[in-house]
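K.L.:
So that you have it, the file is target.tsv, and it contains TSV, C-alpha atoms:
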chain	number	residue	atom	x	y	z
A	1	MET	CA	-26.19	52.84	-88.12
A	2	SER	CA	-22.93	54.24	-86.77
A	3	ALA	CA	-23.32	52.33	-83.50
A	4	ALA	CA	-24.04	49.11	-85.39
A	5	ARG	CA	-20.96	49.57	-87.55
A	6	ASN	CA	-18.81	50.22	-84.51
A	7	GLU	CA	-20.17	47.13	-82.81
A	8	GLY	CA	-19.57	44.88	-85.81
A	9	PRO	CA	-15.81	44.31	-85.50
A	10	MET	CA	-16.24	43.31	-81.85
A	11	VAL	CA	-18.77	40.51	-82.45
A	12	LEU	CA	-16.34	37.72	-83.36
A	13	PRO	CA	-13.73	38.44	-80.64
A	14	ARG	CA	-16.56	38.76	-78.12
A	15	ALA	CA	-18.02	35.40	-79.18
A	16	PHE	CA	-14.64	33.69	-78.79
A	17	SER	CA	-14.10	35.34	-75.40
A	18	LEU	CA	-17.53	34.16	-74.30
A	19	LEU	CA	-16.90	30.55	-75.37
A	20	ARG	CA	-13.47	30.57	-73.75
A	21	LEU	CA	-14.92	31.92	-70.51
A	22	LEU	CA	-17.73	29.38	-70.33
A	23	SER	CA	-15.39	26.51	-71.21
A	24	ASN	CA	-13.86	27.01	-67.76
A	25	MET	CA	-17.21	27.27	-65.97
A	26	GLN	CA	-18.80	23.85	-65.69
A	27	ASP	CA	-21.88	25.21	-63.91
A	28	GLY	CA	-22.26	28.14	-66.29
A	29	LEU	CA	-22.75	31.85	-65.63
A	30	ASN	CA	-25.63	34.30	-65.79
A	31	LEU	CA	-25.70	37.50	-67.83
A	32	SER	CA	-24.45	39.72	-64.98
A	33	GLN	CA	-21.54	37.39	-64.22
A	34	ILE	CA	-20.53	37.20	-67.88
A	35	SER	CA	-20.76	40.98	-68.19
A	36	ASN	CA	-18.54	41.48	-65.14
A	37	ARG	CA	-15.93	38.93	-66.15
A	38	LEU	CA	-15.63	40.14	-69.73
A	39	ASP	CA	-16.07	43.81	-68.78
A	40	VAL	CA	-18.73	44.19	-71.47
A	41	PRO	CA	-22.13	45.91	-70.98
A	42	LYS	CA	-25.09	43.53	-70.71
A	43	SER	CA	-26.81	45.24	-73.63
A	44	SER	CA	-23.83	44.49	-75.87
A	45	LEU	CA	-23.78	40.83	-74.84
A	46	LEU	CA	-27.40	39.98	-75.46
A	47	ALA	CA	-27.18	39.71	-79.25
A	48	THR	CA	-24.05	37.53	-79.06
A	49	LEU	CA	-25.58	35.25	-76.44
A	50	LYS	CA	-28.75	34.84	-78.50
A	51	ALA	CA	-26.84	34.08	-81.70
A	52	LEU	CA	-24.63	31.47	-80.01
A	53	THR	CA	-27.64	29.92	-78.30
A	54	ASP	CA	-29.62	29.77	-81.55
A	55	GLN	CA	-26.70	27.98	-83.20
A	56	GLY	CA	-26.36	25.48	-80.34
A	57	PHE	CA	-22.95	26.69	-79.19
A	58	LEU	CA	-24.59	27.72	-75.90
A	59	VAL	CA	-27.58	26.44	-73.96
A	60	ARG	CA	-29.65	28.50	-71.58
A	61	ARG	CA	-31.12	26.95	-68.45
A	62	GLY	CA	-33.16	29.59	-66.67
A	63	THR	CA	-30.77	32.50	-66.33
A	64	ILE	CA	-27.63	30.37	-66.70
A	65	TYR	CA	-25.63	30.01	-69.92
A	66	GLN	CA	-23.44	26.96	-70.53
A	67	LEU	CA	-21.57	25.50	-73.49
A	68	GLY	CA	-23.93	23.72	-75.87
A	69	PRO	CA	-23.55	20.54	-77.94
A	70	GLU	CA	-22.29	22.35	-81.03
A	71	ALA	CA	-19.32	23.73	-79.09
A	72	PHE	CA	-18.31	20.25	-77.97
A	73	SER	CA	-18.92	18.82	-81.43
A	74	LEU	CA	-16.74	21.45	-83.09
A	75	ALA	CA	-13.96	20.95	-80.54
A	76	SER	CA	-14.05	17.18	-81.09
A	77	ILE	CA	-13.89	17.55	-84.86
A	78	ILE	CA	-10.93	19.93	-84.66
A	79	LEU	CA	-8.99	17.74	-82.22
A	80	ALA	CA	-9.79	14.53	-84.10
A	81	GLY	CA	-8.24	15.98	-87.23
A	82	ARG	CA	-4.99	16.97	-85.54
A	83	SER	CA	-2.27	14.91	-83.91
A	84	LEU	CA	-0.76	15.80	-80.56
A	85	ARG	CA	2.38	16.78	-82.43
A	86	GLN	CA	0.45	19.27	-84.58
A	87	ILE	CA	-1.36	20.72	-81.57
A	88	ALA	CA	1.83	21.08	-79.55
A	89	ARG	CA	4.05	22.50	-82.31
A	90	PRO	CA	3.18	26.21	-81.89
A	91	PHE	CA	3.81	25.95	-78.15
A	92	LEU	CA	7.20	24.30	-78.71
A	93	GLU	CA	8.13	27.14	-81.03
A	94	LYS	CA	6.94	29.81	-78.60
A	95	SER	CA	8.75	28.18	-75.70
A	96	MET	CA	12.01	28.05	-77.66
A	97	GLU	CA	11.66	31.73	-78.56
A	98	ASP	CA	11.02	32.65	-74.92
A	99	CYS	CA	13.83	30.66	-73.30
A	100	GLY	CA	16.28	30.32	-76.19
A	101	GLU	CA	16.83	26.60	-75.63
A	102	THR	CA	15.88	23.40	-77.45
A	103	VAL	CA	12.32	22.28	-76.68
A	104	LEU	CA	11.14	18.71	-77.21
A	105	LEU	CA	7.93	16.70	-77.07
A	106	ALA	CA	8.34	13.14	-75.79
A	107	GLU	CA	5.94	10.21	-75.50
A	108	LEU	CA	6.22	6.68	-74.16
A	109	ALA	CA	7.82	4.44	-76.77
A	110	ALA	CA	5.93	1.35	-77.91
A	111	ASP	CA	7.93	-0.84	-75.52
A	112	ARG	CA	6.95	1.45	-72.59
A	113	ARG	CA	10.56	1.19	-71.41
A	114	ASN	CA	11.81	4.32	-73.12
A	115	ALA	CA	10.76	7.88	-73.92
A	116	ILE	CA	10.79	8.80	-77.60
A	117	TYR	CA	11.14	12.34	-78.96
A	118	VAL	CA	8.29	12.90	-81.41
A	119	ASP	CA	8.97	16.56	-82.18
A	120	LEU	CA	11.43	19.32	-81.33
A	121	VAL	CA	12.39	22.91	-81.99
A	122	GLU	CA	16.15	23.34	-81.78
A	123	SER	CA	17.85	26.33	-80.23
A	124	PRO	CA	19.76	28.60	-82.65
A	125	LYS	CA	22.61	29.02	-80.15
A	126	SER	CA	26.02	27.71	-81.17
A	127	VAL	CA	26.23	25.63	-77.99
A	128	ARG	CA	22.92	23.83	-77.62
A	129	PHE	CA	21.25	20.50	-76.97
A	130	SER	CA	20.83	18.66	-80.26
A	131	VAL	CA	19.00	15.40	-80.94
A	132	SER	CA	16.89	13.89	-83.73
A	133	VAL	CA	13.16	13.15	-83.79
A	134	GLY	CA	12.75	9.44	-83.09
A	135	THR	CA	15.62	9.27	-80.60
A	136	GLN	CA	14.80	7.21	-77.51
A	137	ARG	CA	16.01	7.57	-73.95
A	138	PRO	CA	15.62	5.14	-71.01
A	139	LEU	CA	12.86	6.16	-68.63
A	140	TYR	CA	15.09	6.09	-65.54
A	141	ALA	CA	17.88	8.28	-66.93
A	142	SER	CA	16.16	11.17	-68.75
A	143	SER	CA	13.94	13.97	-67.51
A	144	SER	CA	11.18	13.15	-70.02
A	145	GLY	CA	11.43	9.47	-69.13
A	146	ARG	CA	11.24	10.11	-65.40
A	147	LEU	CA	8.27	12.39	-65.91
A	148	LEU	CA	6.38	9.70	-67.83
A	149	LEU	CA	7.48	7.03	-65.34
A	150	ALA	CA	6.30	9.12	-62.42
A	151	HIS	CA	2.79	9.29	-63.89
A	152	MET	CA	2.45	5.59	-64.67
A	153	SER	CA	0.12	3.44	-62.61
A	154	ASP	CA	1.70	2.05	-59.45
A	155	GLU	CA	1.56	-1.47	-60.89
A	156	GLU	CA	3.28	-0.61	-64.16
A	157	ARG	CA	5.92	1.53	-62.47
A	158	ASP	CA	6.73	-1.20	-59.93
A	159	GLU	CA	7.00	-3.76	-62.72
A	160	TYR	CA	9.35	-1.48	-64.64
A	161	LEU	CA	11.60	-0.77	-61.65
A	162	SER	CA	11.83	-4.44	-60.74
A	163	THR	CA	12.78	-5.62	-64.24
A	164	VAL	CA	14.75	-2.81	-65.91
A	165	GLU	CA	18.49	-3.33	-66.35
A	166	PHE	CA	20.00	-0.17	-64.92
A	167	LYS	CA	23.10	1.20	-66.61
A	168	LYS	CA	25.40	3.87	-65.24
A	169	TRP	CA	25.44	6.25	-68.22
A	170	THR	CA	27.33	8.95	-66.28
A	171	GLU	CA	28.71	9.34	-62.78
A	172	VAL	CA	25.38	10.75	-61.55
A	173	THR	CA	22.94	8.33	-63.21
A	174	ILE	CA	20.53	6.97	-60.58
A	175	VAL	CA	20.58	3.19	-60.65
A	176	ASP	CA	19.07	2.48	-57.23
A	177	PRO	CA	15.31	1.78	-57.44
A	178	ASP	CA	14.54	3.23	-54.00
A	179	GLU	CA	16.42	6.45	-54.74
A	180	LEU	CA	14.64	6.70	-58.08
A	181	ARG	CA	11.25	6.21	-56.40
A	182	THR	CA	12.03	9.21	-54.17
A	183	HIS	CA	12.82	11.32	-57.23
A	184	LEU	CA	9.62	10.21	-58.95
A	185	LYS	CA	7.50	11.21	-55.94
A	186	GLU	CA	9.16	14.63	-55.91
A	187	THR	CA	8.49	14.94	-59.65
A	188	VAL	CA	4.74	14.52	-59.16
A	189	ILE	CA	4.71	17.04	-56.31
A	190	LYS	CA	6.79	19.66	-58.15
A	191	GLY	CA	5.18	19.11	-61.54
A	192	VAL	CA	8.56	18.94	-63.23
A	193	ALA	CA	11.35	16.37	-63.63
A	194	GLU	CA	14.89	17.70	-63.67
A	195	THR	CA	18.12	15.96	-64.67
A	196	TYR	CA	21.65	17.31	-64.54
A	197	GLY	CA	24.01	15.13	-66.54
A	198	ASP	CA	22.18	11.86	-65.82
A	199	PHE	CA	22.26	10.50	-69.38
A	200	THR	CA	24.75	12.84	-71.05
A	201	ALA	CA	27.28	14.52	-68.79
A	202	ASP	CA	26.97	17.98	-70.35
A	203	ALA	CA	23.17	18.12	-70.77
A	204	SER	CA	20.22	18.91	-68.50
A	205	GLY	CA	16.50	18.43	-68.96
A	206	PHE	CA	13.38	20.03	-67.48
A	207	SER	CA	10.19	18.09	-68.24
A	208	SER	CA	6.56	18.75	-67.35
A	209	PRO	CA	3.42	16.68	-68.05
A	210	VAL	CA	0.95	17.22	-70.87
A	211	PHE	CA	-2.51	16.06	-69.75
A	212	ASN	CA	-5.51	15.16	-71.89
A	213	SER	CA	-9.15	15.85	-71.04
A	214	ASP	CA	-9.34	12.70	-68.90
A	215	GLY	CA	-6.40	13.81	-66.75
A	216	ASP	CA	-4.02	11.23	-68.23
A	217	VAL	CA	-0.43	12.20	-69.04
A	218	VAL	CA	0.05	11.76	-72.79
A	219	ALA	CA	3.43	13.43	-73.27
A	220	ALA	CA	6.29	15.29	-71.67
A	221	LEU	CA	7.26	18.84	-72.68
A	222	THR	CA	11.03	19.05	-72.23
A	223	ILE	CA	13.42	21.97	-72.28
A	224	ALA	CA	16.92	20.61	-72.94
A	225	VAL	CA	19.83	22.81	-71.93
A	226	PRO	CA	23.64	22.57	-71.76
A	227	ILE	CA	24.36	21.86	-68.11
A	228	SER	CA	26.40	25.02	-67.54
A	229	ARG	CA	23.42	27.23	-68.42
A	230	ALA	CA	20.95	24.94	-66.68
A	231	LEU	CA	22.73	25.19	-63.35
A	232	ARG	CA	22.66	28.99	-63.53
A	233	GLU	CA	18.95	29.30	-64.30
A	234	LYS	CA	17.21	26.21	-62.92
A	235	GLU	CA	14.06	28.00	-61.84
A	236	LYS	CA	13.65	29.78	-65.18
A	237	PHE	CA	13.72	26.58	-67.23
A	238	ALA	CA	11.54	24.62	-64.80
A	239	LYS	CA	8.87	27.34	-64.91
A	240	ALA	CA	9.05	27.53	-68.69
A	241	ALA	CA	8.50	23.78	-69.05
A	242	VAL	CA	5.54	23.82	-66.65
A	243	HIS	CA	3.94	26.78	-68.40
A	244	SER	CA	4.28	25.39	-71.92
A	245	ALA	CA	2.99	21.95	-70.94
A	246	ALA	CA	0.03	23.57	-69.18
A	247	GLU	CA	-0.88	25.54	-72.31
A	248	ILE	CA	-0.94	22.37	-74.41
A	249	SER	CA	-2.98	20.59	-71.73
A	250	LYS	CA	-5.61	23.34	-71.88
A	251	ILE	CA	-5.97	22.88	-75.63
A	252	LEU	CA	-6.46	19.14	-75.06
A	253	GLY	CA	-9.32	19.90	-72.68
A	254	PHE	CA	-7.62	19.39	-69.32
A	255	LYS	CA	-9.44	21.32	-66.59
A	256	GLY	CA	-7.13	20.69	-63.65
A	257	SER	CA	-4.46	22.95	-62.26
A	258	VAL	CA	-0.90	22.29	-63.40
A	259	GLU	CA	0.82	25.63	-62.66
If you convert what's in this file into structure tokens, what do you get?

P.N.:
Amino acid sequence: MSAARNEGPMVLPRAFSLLRLLSNMQDGLNLSQISNRLDVPKSSLLATLKALTDQGFLVRRGTIYQLGPEAFSLASIILAGRSLRQIARPFLEKSMEDCGETVLLAELAADRRNAIYVDLVESPKSVRFSVSVGTQRPLYASSSGRLLLAHMSDEERDEYLSTVEFKKWTEVTIVDPDELRTHLKETVIKGVAETYGDFTADASGFSSPVFNSDGDVVAALTIAVPISRALREKEKFAKAAVHSAAEISKILGFKGSVE
């Protein structure tokens, strides 16, 4: 009885750990592999595996365990009931706490010519980047816009670059299509778009892509920083943007590597 009572509190965390592990293993794992990866004795895993299999959260094919239909059904129900903004919100808050700067979530506006901020967590610092939800920025002149532009199809991006009316918002705004194309290629390679006073002279942005389960970019996670602080800690803010966007992408079911 004592052993059973001691085992009880571990059942739920172990079940979640098991589901999380197998969600990243498309081909599944056998009992020994699961035991090694979770550092849990095989004997302690058997009851959890059986319960999850009986409920349809796992399927067993020979000696291999994989996620079952109930796991996918539950995930779909949860995601269907939540907007991207709701899913991303805790990660925006955590990112702001970690880096101390304003963190934004941007999507393509309806006209697909601008990026629109759909949520944000503002820095508490006296000198900070400040903007309202619903504010739009041109794709070519903002870090979130460039990130979204970089991940458009070749056809849509070419159409945009050939028809947009470039405006020199600041002295460093890129208004040459060929120069912008170079920046966009670098953005895809680096996984982050960076601007230093391109739209507003005293503001910088670090944006990284949020992917859905199909590998499509659905948003940009942006850390917005006064340019003086951005220039001192470029690498820190770029890494923070990439990490936070990757965490949201995982929740959305993206299996690729983004860090």

K.L.:
Write out as a short mmCIF file (atom, residue, chain, number, x, y, z; two decimals) with C-alpha atoms, in the frame of the given file each polymer residue whose atoms come within 9 Å of A:Pro124, counting only C-alpha atoms; drop sequence neighbours fewer than 3 positions from it.

P.N.:
data_model
loop_
_atom_site.label_atom_id
_atom_site.label_comp_id
_atom_site.auth_asym_id
_atom_site.auth_seq_id
_atom_site.Cartn_x
_atom_site.Cartn_y
_atom_site.Cartn_z
CA GLY A 100 16.28 30.32 -76.19
CA GLU A 101 16.83 26.60 -75.63
CA THR A 102 15.88 23.40 -77.45
CA VAL A 127 26.23 25.63 -77.99
CA ARG A 128 22.92 23.83 -77.62
#

K.L.:
Hey, which of A:Val172, A:Gly197, A:Leu105, A:Arg113 ends up closest to A:Pro209? Count all atoms listed in the file.

P.N.:
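Among the listed residues, the smallest separation from A:Pro209 belongs to A:Leu105.
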
K.L.:
I'd like to know which of A:Asp216, A:Glu247, A:Asp178, A:Asp98 is closest to A:Ser153, using all atoms listed in the file.

P.N.:
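Among A:Asp216, A:Glu247, A:Asp178, A:Asp98, it is A:Asp216 that comes nearest to A:Ser153.
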
K.L.:
Within 12 Å of stretch 55-59 of chain A, counting all atoms listed in the file, which residues show up once you throw out same-chain ones fewer than 5 positions away? Write them as a list in words, please.

P.N.:
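Contacts, in chain order: Ala15, Phe16, Leu18, Leu19, Arg20, Leu21, Leu22, Ser23, Asp27, Gly28, Leu29, Asn30, Thr48, Leu49, Lys50, Ile64, Tyr65, Gln66, Leu67, Gly68, Pro69, Glu70, Ala71, Phe72, Ser73, Leu74 and Ala75 of chain A.
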
K.L.:
Residues within 6 Å of A:Thr195, please, as a list in words. Count only C-alpha atoms; anything in the same chain fewer than 6 positions from it doesn't count.

P.N.:
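Once the nearby chain positions are removed, what remains is Ser143, Ser204 and Gly205 of chain A.
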
K.L.:
Go ahead and save the picked residues with C-alpha atoms, as a PDB file, in the frame of the given file.

P.N.:
ATOM      1  CA  SER A 143      13.940  13.970 -67.510  1.00  0.00           C
ATOM      2  CA  SER A 204      20.220  18.910 -68.500  1.00  0.00           C
ATOM      3  CA  GLY A 205      16.500  18.430 -68.960  1.00  0.00           C
TER       4      GLY A 205
END
